[in-house]
$ cat my_file-v1.pdb   # PDB, C-alpha atoms
ATOM      1  CA  MET R   1      -6.608  11.211  -7.239
ATOM      2  CA  SER R   2      -5.204   8.646  -9.645
ATOM      3  CA  ALA R   3      -4.714   5.004  -8.658
ATOM      4  CA  ALA R   4      -0.939   5.493  -8.926
ATOM      5  CA  ALA R   5      -0.969   8.556  -6.654
ATOM      6  CA  ASP R   6      -3.156   6.769  -4.118
ATOM      7  CA  PHE R   7      -0.853   3.731  -4.161
ATOM      8  CA  ALA R   8       2.262   5.920  -3.747
ATOM      9  CA  GLU R   9       0.701   7.509  -0.646
ATOM     10  CA  ARG R  10      -0.229   4.117   0.854
ATOM     11  CA  PHE R  11       3.270   2.762   0.063
ATOM     12  CA  ALA R  12       4.931   5.739   1.798
ATOM     13  CA  ALA R  13       2.634   5.345   4.817
ATOM     14  CA  TYR R  14       3.362   1.606   4.973
ATOM     15  CA  TRP R  15       7.136   2.151   5.096
ATOM     16  CA  ARG R  16       6.970   4.733   7.888
ATOM     17  CA  ALA R  17       5.995   1.844  10.213
ATOM     18  CA  PRO R  18       6.113  -1.420   8.232
ATOM     19  CA  SER R  19       4.289  -4.506   9.447
ATOM     20  CA  VAL R  20       3.420  -7.841   7.914
ATOM     21  CA  ASP R  21      -0.317  -7.192   8.317
ATOM     22  CA  GLY R  22       0.068  -3.781   6.667
ATOM     23  CA  LEU R  23       0.892  -5.529   3.389
ATOM     24  CA  ASP R  24      -2.840  -6.224   2.955
ATOM     25  CA  GLY R  25      -3.304  -2.535   2.161
ATOM     26  CA  ILE R  26      -0.883  -2.483  -0.776
ATOM     27  CA  LEU R  27      -0.515  -6.031  -2.162
ATOM     28  CA  ALA R  28      -3.130  -8.143  -3.940
ATOM     29  CA  PRO R  29      -3.722 -11.753  -2.799
ATOM     30  CA  GLU R  30      -2.138 -13.024  -6.048
ATOM     31  CA  VAL R  31       0.915 -10.714  -5.870
ATOM     32  CA  GLU R  32       4.240 -11.737  -7.403
ATOM     33  CA  LEU R  33       7.276 -10.299  -5.561
ATOM     34  CA  ILE R  34      10.745 -10.157  -7.114
ATOM     35  CA  ALA R  35      13.755  -8.635  -5.347
ATOM     36  CA  PRO R  36      17.507  -9.131  -4.987
ATOM     37  CA  LEU R  37      18.597 -11.491  -2.190
ATOM     38  CA  THR R  38      15.238 -13.287  -1.993
ATOM     39  CA  ARG R  39      13.598 -15.904  -4.131
ATOM     40  CA  PRO R  40      10.582 -14.749  -6.149
ATOM     41  CA  THR R  41       7.296 -15.362  -4.379
ATOM     42  CA  ARG R  42       3.724 -15.828  -5.585
ATOM     43  CA  GLY R  43       0.774 -15.004  -3.419
ATOM     44  CA  LEU R  44       0.361 -12.811  -0.376
ATOM     45  CA  PRO R  45       1.018 -15.610   2.173
ATOM     46  CA  GLU R  46       4.473 -16.301   0.648
ATOM     47  CA  GLY R  47       5.193 -12.579   0.478
ATOM     48  CA  LYS R  48       4.223 -12.161   4.112
ATOM     49  CA  ALA R  49       6.574 -15.006   5.074
ATOM     50  CA  VAL R  50       9.484 -13.195   3.376
ATOM     51  CA  PHE R  51       8.563  -9.893   5.027
ATOM     52  CA  THR R  52       8.291 -11.639   8.407
ATOM     53  CA  ARG R  53      11.905 -12.820   8.051
ATOM     54  CA  LEU R  54      13.029  -9.403   6.774
ATOM     55  CA  LEU R  55      11.422  -7.513   9.655
ATOM     56  CA  ARG R  56      12.809 -10.063  12.130
ATOM     57  CA  LEU R  57      16.287  -9.491  10.664
ATOM     58  CA  LEU R  58      15.939  -5.692  10.553
ATOM     59  CA  PRO R  59      13.248  -4.792  13.108
ATOM     60  CA  ASP R  60      13.710  -1.024  12.750
ATOM     61  CA  LEU R  61      13.563  -1.071   8.940
ATOM     62  CA  THR R  62      11.868   1.991   7.472
ATOM     63  CA  ALA R  63      11.852   3.803   4.146
ATOM     64  CA  VAL R  64      11.395   7.323   2.817
ATOM     65  CA  VAL R  65       9.812   7.845  -0.603
ATOM     66  CA  HIS R  66      11.575  10.471  -2.712
ATOM     67  CA  ARG R  67       9.493  10.429  -5.873
ATOM     68  CA  TRP R  68       7.231   8.289  -7.977
ATOM     69  CA  GLY R  69       5.912   8.250 -11.519
ATOM     70  CA  PRO R  70       3.076   6.495 -13.321
ATOM     71  CA  THR R  71       3.655   3.806 -15.933
ATOM     72  CA  GLU R  72       1.268   2.262 -18.416
ATOM     73  CA  ASP R  73       0.196  -0.425 -15.940
ATOM     74  CA  GLY R  74       1.200   0.970 -12.541
ATOM     75  CA  LEU R  75       4.031   3.078 -11.212
ATOM     76  CA  LEU R  76       7.696   3.342 -10.246
ATOM     77  CA  ILE R  77       8.671   4.478  -6.743
ATOM     78  CA  GLU R  78      12.159   5.697  -5.778
ATOM     79  CA  PHE R  79      12.937   5.457  -2.064
ATOM     80  CA  THR R  80      15.649   4.945   0.550
ATOM     81  CA  LEU R  81      15.491   2.109   3.083
ATOM     82  CA  SER R  82      17.216   2.403   6.474
ATOM     83  CA  ALA R  83      17.910  -0.068   9.264
ATOM     84  CA  THR R  84      20.352  -0.828  12.057
ATOM     85  CA  ALA R  85      22.809  -3.737  12.040
ATOM     86  CA  GLY R  86      25.555  -4.220  14.596
ATOM     87  CA  GLY R  87      24.648  -0.952  16.289
ATOM     88  CA  LYS R  88      25.202   1.065  13.097
ATOM     89  CA  ARG R  89      22.484   2.705  11.021
ATOM     90  CA  PHE R  90      22.821   2.140   7.287
ATOM     91  CA  SER R  91      20.706   2.874   4.233
ATOM     92  CA  TRP R  92      20.337   1.904   0.608
ATOM     93  CA  ASP R  93      18.431   3.296  -2.344
ATOM     94  CA  ALA R  94      15.845   1.301  -4.261
ATOM     95  CA  VAL R  95      13.334   1.614  -7.065
ATOM     96  CA  ASP R  96      10.251  -0.595  -7.121
ATOM     97  CA  ARG R  97       8.115  -1.170 -10.197
ATOM     98  CA  PHE R  98       4.499  -2.025  -9.465
ATOM     99  CA  VAL R  99       1.733  -3.368 -11.657
ATOM    100  CA  LEU R 100      -1.630  -2.327 -10.242
ATOM    101  CA  ARG R 101      -4.971  -4.027 -10.654
ATOM    102  CA  GLU R 102      -8.444  -2.585 -10.436
ATOM    103  CA  GLY R 103      -8.886  -1.500  -6.847
ATOM    104  CA  GLY R 104      -5.333  -0.168  -6.524
ATOM    105  CA  LEU R 105      -3.506  -3.213  -5.116
ATOM    106  CA  ALA R 106      -0.192  -4.383  -6.584
ATOM    107  CA  THR R 107      -0.180  -7.671  -8.479
ATOM    108  CA  VAL R 108       3.542  -7.452  -9.299
ATOM    109  CA  ARG R 109       6.405  -5.771  -7.451
ATOM    110  CA  ILE R 110       9.912  -5.859  -8.869
ATOM    111  CA  SER R 111      12.520  -4.228  -6.653
ATOM    112  CA  TYR R 112      15.815  -2.880  -7.960
ATOM    113  CA  PHE R 113      18.713  -2.050  -5.624
ATOM    114  CA  ASP R 114      22.445  -2.641  -5.237
ATOM    115  CA  SER R 115      22.436  -5.781  -3.099
ATOM    116  CA  ALA R 116      26.247  -5.774  -2.883
ATOM    117  CA  LYS R 117      26.169  -2.620  -0.743
ATOM    118  CA  LEU R 118      23.663  -4.185   1.645
ATOM    119  CA  VAL R 119      25.561  -7.478   1.953
ATOM    120  CA  ARG R 120      28.890  -5.666   2.368
ATOM    121  CA  THR R 121      27.466  -3.470   5.147
ATOM    122  CA  ILE R 122      26.160  -6.492   7.042
ATOM    123  CA  LEU R 123      29.349  -8.520   6.537
ATOM    124  CA  LEU R 124      31.472  -5.610   7.762
ATOM    125  CA  SER R 125      29.410  -5.410  10.969
ATOM    126  CA  PRO R 126      30.491  -8.531  12.907
ATOM    127  CA  ARG R 127      28.549  -7.340  15.979
ATOM    128  CA  ALA R 128      25.394  -7.912  13.915
ATOM    129  CA  TRP R 129      26.150 -11.518  12.978
ATOM    130  CA  PRO R 130      24.847 -13.282  16.113
ATOM    131  CA  ALA R 131      21.544 -11.396  16.009
ATOM    132  CA  ILE R 132      21.195 -12.007  12.277
ATOM    133  CA  LEU R 133      21.817 -15.734  12.668
ATOM    134  CA  ARG R 134      19.302 -15.939  15.554
ATOM    135  CA  ARG R 135      16.633 -14.101  13.591
ATOM    136  CA  LEU R 136      17.125 -16.191  10.469
ATOM    137  CA  ALA R 137      16.815 -19.474  12.374
TER
END
$ encode --input "my_file-v1.pdb" --output "structure tokens"
Amino acid sequence: MSAAADFAERFAAYWRAPSVDGLDGILAPEVELIAPLTRPTRGLPEGKAVFTRLLRLLPDLTAVVHRWGPTEDGLLIEFTLSATAGGKRFSWDAVDRFVLREGGLATVRISYFDSAKLVRTILLSPRAWPAILRRLA
């Protein structure tokens, strides 16, 4: 199995039941994470802090991988994330580009998705606002 195929399988498994500690199985200690709506981070501890806030905000967040493809230095993964806000389930599509190092951990992850759809969904769910504000505090 190629490093990209192995990573794609671990990524899909991670998102079936995401946890902060589970990031150790896919991200390198020196990882750089770039995504809409969050500031870029460097290093696994910073990345875990962002994921802690994300999973606190959306505790039932999961994702389903649709397809992936290798690149010269890693892979691209297309997937759909889903979560509940204000009692309503919503989802959004994303593509992540990963750079892999020897050993199959990601040193760079750049996420691409339409952040406007996500923000609009949350803003149009006033029932979710109190919980969101509590979890972000």
$ resolve_selection --input "my_file-v1.pdb" --expression "the PyMOL selection byres ((chain R and resi 113) around 8)" --output "list in words"
Pro36, Trp92, Asp93, Ala94, Val95, Ser111, Tyr112, Asp114 and Ser115 of chain R
$ residues_around --input "my_file-v1.pdb" --residues "region 72-89 of chain R" --least-positions-apart "2" --cutoff "7 Å" --atoms "only C-alpha atoms" --output "PyMOL selection string"
chain R and resi 4+58+60-70+91-100+122+125-128
$ write_last_selection --input "my_file-v1.pdb" --atoms "C-alpha atoms" --output "tab-separated table (two decimals), in the frame of the given file"
chain	number	residue	atom	x	y	z
R	4	ALA	CA	-0.94	5.49	-8.93
R	58	LEU	CA	15.94	-5.69	10.55
R	60	ASP	CA	13.71	-1.02	12.75
R	61	LEU	CA	13.56	-1.07	8.94
R	62	THR	CA	11.87	1.99	7.47
R	63	ALA	CA	11.85	3.80	4.15
R	64	VAL	CA	11.40	7.32	2.82
R	65	VAL	CA	9.81	7.84	-0.60
R	66	HIS	CA	11.58	10.47	-2.71
R	67	ARG	CA	9.49	10.43	-5.87
R	68	TRP	CA	7.23	8.29	-7.98
R	69	GLY	CA	5.91	8.25	-11.52
R	70	PRO	CA	3.08	6.50	-13.32
R	91	SER	CA	20.71	2.87	4.23
R	92	TRP	CA	20.34	1.90	0.61
R	93	ASP	CA	18.43	3.30	-2.34
R	94	ALA	CA	15.84	1.30	-4.26
R	95	VAL	CA	13.33	1.61	-7.06
R	96	ASP	CA	10.25	-0.60	-7.12
R	97	ARG	CA	8.12	-1.17	-10.20
R	98	PHE	CA	4.50	-2.02	-9.46
R	99	VAL	CA	1.73	-3.37	-11.66
R	100	LEU	CA	-1.63	-2.33	-10.24
R	122	ILE	CA	26.16	-6.49	7.04
R	125	SER	CA	29.41	-5.41	10.97
R	126	PRO	CA	30.49	-8.53	12.91
R	127	ARG	CA	28.55	-7.34	15.98
R	128	ALA	CA	25.39	-7.91	13.92
$ residues_near_point --input "my_file-v1.pdb" --point "(0.4, -18.2, -7.2)" --cutoff "6 Å" --atoms "only C-alpha atoms" --output "NGL selection string"
:R and (30 or 42-43)
$ closest_residue --input "my_file-v1.pdb" --among "R:Lys48, R:Thr38, R:Val31, R:Leu54" --to "Val108 (chain R)" --atoms "all atoms listed in the file"
R:Val31
$ closest_residue --input "my_file-v1.pdb" --among "R:Thr71, R:Leu37, R:Ile110, R:Arg10" --to "Gly25 (chain R)" --atoms "all atoms listed in the file"
R:Arg10
$ atom_distance --input "my_file-v1.pdb" --atom1 "CA of Arg53 (chain R)" --atom2 "CA of Leu105 (chain R)"
22.4 Å
$ residues_around --input "my_file-v1.pdb" --residues "Ile26 (chain R)" --least-positions-apart "4" --cutoff "8 Å" --atoms "all atoms listed in the file" --output "PyMOL selection string"
chain R and resi 7+10-11+22+104-106
$ atom_distance --input "my_file-v1.pdb" --atom1 "CA of Gly103 (chain R)" --atom2 "CA of Ala49 (chain R)"
23.7 Å
$ closest_residue --input "my_file-v1.pdb" --among "R:Met1, R:Ala116, R:Ala17, R:Ala35" --to "Leu55 (chain R)" --atoms "all atoms listed in the file"
R:Ala17
$ atom_distance --input "my_file-v1.pdb" --atom1 "CA of Asp6 (chain R)" --atom2 "CA of Arg109 (chain R)"
16.1 Å
$ closest_residue --input "my_file-v1.pdb" --among "R:Val50, R:Ala13, R:Phe90, R:Thr107" --to "Glu32 (chain R)" --atoms "all atoms listed in the file"
R:Thr107
$ resolve_selection --input "my_file-v1.pdb" --expression "the PyMOL selection byres ((chain R and resi 20) around 8)" --output "VMD selection string"
chain R and resid 18 to 19 21 to 23 48 51 to 52
$ write_last_selection --input "my_file-v1.pdb" --atoms "C-alpha atoms" --output "compact mmCIF listing (two decimals), keeping the file's coordinate frame"
# COMPACT_ATOMS: atom_id res chain seq x y z
CA PRO R 18 6.11 -1.42 8.23
CA SER R 19 4.29 -4.51 9.45
CA ASP R 21 -0.32 -7.19 8.32
CA GLY R 22 0.07 -3.78 6.67
CA LEU R 23 0.89 -5.53 3.39
CA LYS R 48 4.22 -12.16 4.11
CA PHE R 51 8.56 -9.89 5.03
CA THR R 52 8.29 -11.64 8.41
$ build_atoms --input "my_file-v1.pdb" --residues "region 79-113 of chain R" --atoms "N, CA and C atoms" --output "PDB file, keeping the file's coordinate frame"
ATOM      1  N   PHE R  79      12.939   5.269  -3.507  1.00  0.00           N
ATOM      2  CA  PHE R  79      12.937   5.457  -2.064  1.00  0.00           C
ATOM      3  C   PHE R  79      14.259   5.002  -1.466  1.00  0.00           C
ATOM      4  N   THR R  80      14.462   5.357  -0.194  1.00  0.00           N
ATOM      5  CA  THR R  80      15.649   4.945   0.550  1.00  0.00           C
ATOM      6  C   THR R  80      15.207   4.170   1.776  1.00  0.00           C
ATOM      7  N   LEU R  81      15.744   2.962   1.917  1.00  0.00           N
ATOM      8  CA  LEU R  81      15.491   2.109   3.083  1.00  0.00           C
ATOM      9  C   LEU R  81      16.587   2.342   4.103  1.00  0.00           C
ATOM     10  N   SER R  82      16.241   2.247   5.385  1.00  0.00           N
ATOM     11  CA  SER R  82      17.216   2.403   6.474  1.00  0.00           C
ATOM     12  C   SER R  82      16.941   1.383   7.561  1.00  0.00           C
ATOM     13  N   ALA R  83      18.019   0.892   8.169  1.00  0.00           N
ATOM     14  CA  ALA R  83      17.910  -0.068   9.264  1.00  0.00           C
ATOM     15  C   ALA R  83      19.192  -0.022  10.088  1.00  0.00           C
ATOM     16  N   THR R  84      19.175  -0.736  11.202  1.00  0.00           N
ATOM     17  CA  THR R  84      20.352  -0.828  12.057  1.00  0.00           C
ATOM     18  C   THR R  84      20.850  -2.267  12.061  1.00  0.00           C
ATOM     19  N   ALA R  85      22.158  -2.424  11.924  1.00  0.00           N
ATOM     20  CA  ALA R  85      22.809  -3.737  12.040  1.00  0.00           C
ATOM     21  C   ALA R  85      24.110  -3.526  12.797  1.00  0.00           C
ATOM     22  N   GLY R  86      24.327  -4.331  13.815  1.00  0.00           N
ATOM     23  CA  GLY R  86      25.555  -4.220  14.596  1.00  0.00           C
ATOM     24  C   GLY R  86      25.715  -2.871  15.259  1.00  0.00           C
ATOM     25  N   GLY R  87      24.597  -2.244  15.616  1.00  0.00           N
ATOM     26  CA  GLY R  87      24.648  -0.952  16.289  1.00  0.00           C
ATOM     27  C   GLY R  87      24.878   0.226  15.367  1.00  0.00           C
ATOM     28  N   LYS R  88      24.955  -0.017  14.049  1.00  0.00           N
ATOM     29  CA  LYS R  88      25.202   1.065  13.097  1.00  0.00           C
ATOM     30  C   LYS R  88      24.012   1.198  12.144  1.00  0.00           C
ATOM     31  N   ARG R  89      23.570   2.419  11.959  1.00  0.00           N
ATOM     32  CA  ARG R  89      22.484   2.705  11.021  1.00  0.00           C
ATOM     33  C   ARG R  89      23.072   2.734   9.611  1.00  0.00           C
ATOM     34  N   PHE R  90      22.391   2.096   8.679  1.00  0.00           N
ATOM     35  CA  PHE R  90      22.821   2.140   7.287  1.00  0.00           C
ATOM     36  C   PHE R  90      21.602   2.273   6.397  1.00  0.00           C
ATOM     37  N   SER R  91      21.828   2.672   5.148  1.00  0.00           N
ATOM     38  CA  SER R  91      20.706   2.874   4.233  1.00  0.00           C
ATOM     39  C   SER R  91      21.112   2.476   2.828  1.00  0.00           C
ATOM     40  N   TRP R  92      20.097   2.222   2.006  1.00  0.00           N
ATOM     41  CA  TRP R  92      20.337   1.904   0.608  1.00  0.00           C
ATOM     42  C   TRP R  92      19.146   2.379  -0.211  1.00  0.00           C
ATOM     43  N   ASP R  93      19.458   2.788  -1.442  1.00  0.00           N
ATOM     44  CA  ASP R  93      18.431   3.296  -2.344  1.00  0.00           C
ATOM     45  C   ASP R  93      17.824   2.161  -3.148  1.00  0.00           C
ATOM     46  N   ALA R  94      16.546   2.314  -3.486  1.00  0.00           N
ATOM     47  CA  ALA R  94      15.845   1.301  -4.261  1.00  0.00           C
ATOM     48  C   ALA R  94      14.820   1.969  -5.178  1.00  0.00           C
ATOM     49  N   VAL R  95      14.451   1.243  -6.207  1.00  0.00           N
ATOM     50  CA  VAL R  95      13.334   1.614  -7.065  1.00  0.00           C
ATOM     51  C   VAL R  95      12.474   0.368  -7.210  1.00  0.00           C
ATOM     52  N   ASP R  96      11.189   0.510  -6.944  1.00  0.00           N
ATOM     53  CA  ASP R  96      10.251  -0.595  -7.121  1.00  0.00           C
ATOM     54  C   ASP R  96       9.324  -0.271  -8.280  1.00  0.00           C
ATOM     55  N   ARG R  97       9.085  -1.285  -9.108  1.00  0.00           N
ATOM     56  CA  ARG R  97       8.115  -1.170 -10.197  1.00  0.00           C
ATOM     57  C   ARG R  97       6.900  -1.995  -9.807  1.00  0.00           C
ATOM     58  N   PHE R  98       5.746  -1.368  -9.840  1.00  0.00           N
ATOM     59  CA  PHE R  98       4.499  -2.025  -9.465  1.00  0.00           C
ATOM     60  C   PHE R  98       3.549  -2.100 -10.646  1.00  0.00           C
ATOM     61  N   VAL R  99       2.870  -3.227 -10.768  1.00  0.00           N
ATOM     62  CA  VAL R  99       1.733  -3.368 -11.657  1.00  0.00           C
ATOM     63  C   VAL R  99       0.514  -3.355 -10.754  1.00  0.00           C
ATOM     64  N   LEU R 100      -0.436  -2.460 -11.067  1.00  0.00           N
ATOM     65  CA  LEU R 100      -1.630  -2.327 -10.242  1.00  0.00           C
ATOM     66  C   LEU R 100      -2.829  -2.944 -10.931  1.00  0.00           C
ATOM     67  N   ARG R 101      -3.710  -3.497 -10.131  1.00  0.00           N
ATOM     68  CA  ARG R 101      -4.971  -4.027 -10.654  1.00  0.00           C
ATOM     69  C   ARG R 101      -6.088  -3.065 -10.277  1.00  0.00           C
ATOM     70  N   GLU R 102      -7.246  -3.330 -10.822  1.00  0.00           N
ATOM     71  CA  GLU R 102      -8.444  -2.585 -10.436  1.00  0.00           C
ATOM     72  C   GLU R 102      -8.557  -2.639  -8.915  1.00  0.00           C
ATOM     73  N   GLY R 103      -8.807  -1.537  -8.299  1.00  0.00           N
ATOM     74  CA  GLY R 103      -8.886  -1.500  -6.847  1.00  0.00           C
ATOM     75  C   GLY R 103      -7.604  -0.994  -6.209  1.00  0.00           C
ATOM     76  N   GLY R 104      -6.540  -0.814  -7.011  1.00  0.00           N
ATOM     77  CA  GLY R 104      -5.333  -0.168  -6.524  1.00  0.00           C
ATOM     78  C   GLY R 104      -4.348  -1.021  -5.754  1.00  0.00           C
ATOM     79  N   LEU R 105      -4.496  -2.353  -5.769  1.00  0.00           N
ATOM     80  CA  LEU R 105      -3.506  -3.213  -5.116  1.00  0.00           C
ATOM     81  C   LEU R 105      -2.485  -3.685  -6.143  1.00  0.00           C
ATOM     82  N   ALA R 106      -1.266  -3.943  -5.694  1.00  0.00           N
ATOM     83  CA  ALA R 106      -0.192  -4.383  -6.584  1.00  0.00           C
ATOM     84  C   ALA R 106      -0.280  -5.880  -6.836  1.00  0.00           C
ATOM     85  N   THR R 107      -0.226  -6.253  -8.112  1.00  0.00           N
ATOM     86  CA  THR R 107      -0.180  -7.671  -8.479  1.00  0.00           C
ATOM     87  C   THR R 107       1.241  -8.125  -8.771  1.00  0.00           C
ATOM     88  N   VAL R 108       2.124  -7.166  -9.062  1.00  0.00           N
ATOM     89  CA  VAL R 108       3.542  -7.452  -9.299  1.00  0.00           C
ATOM     90  C   VAL R 108       4.355  -6.337  -8.654  1.00  0.00           C
ATOM     91  N   ARG R 109       5.435  -6.735  -7.955  1.00  0.00           N
ATOM     92  CA  ARG R 109       6.405  -5.771  -7.451  1.00  0.00           C
ATOM     93  C   ARG R 109       7.781  -6.309  -7.794  1.00  0.00           C
ATOM     94  N   ILE R 110       8.530  -5.518  -8.550  1.00  0.00           N
ATOM     95  CA  ILE R 110       9.912  -5.859  -8.869  1.00  0.00           C
ATOM     96  C   ILE R 110      10.775  -4.770  -8.249  1.00  0.00           C
ATOM     97  N   SER R 111      11.672  -5.171  -7.364  1.00  0.00           N
ATOM     98  CA  SER R 111      12.520  -4.228  -6.653  1.00  0.00           C
ATOM     99  C   SER R 111      13.921  -4.238  -7.259  1.00  0.00           C
ATOM    100  N   TYR R 112      14.472  -3.041  -7.411  1.00  0.00           N
ATOM    101  CA  TYR R 112      15.815  -2.880  -7.960  1.00  0.00           C
ATOM    102  C   TYR R 112      16.660  -2.115  -6.944  1.00  0.00           C
ATOM    103  N   PHE R 113      17.754  -2.734  -6.486  1.00  0.00           N
ATOM    104  CA  PHE R 113      18.713  -2.050  -5.624  1.00  0.00           C
ATOM    105  C   PHE R 113      20.046  -2.774  -5.687  1.00  0.00           C
TER     106      PHE R 113
END
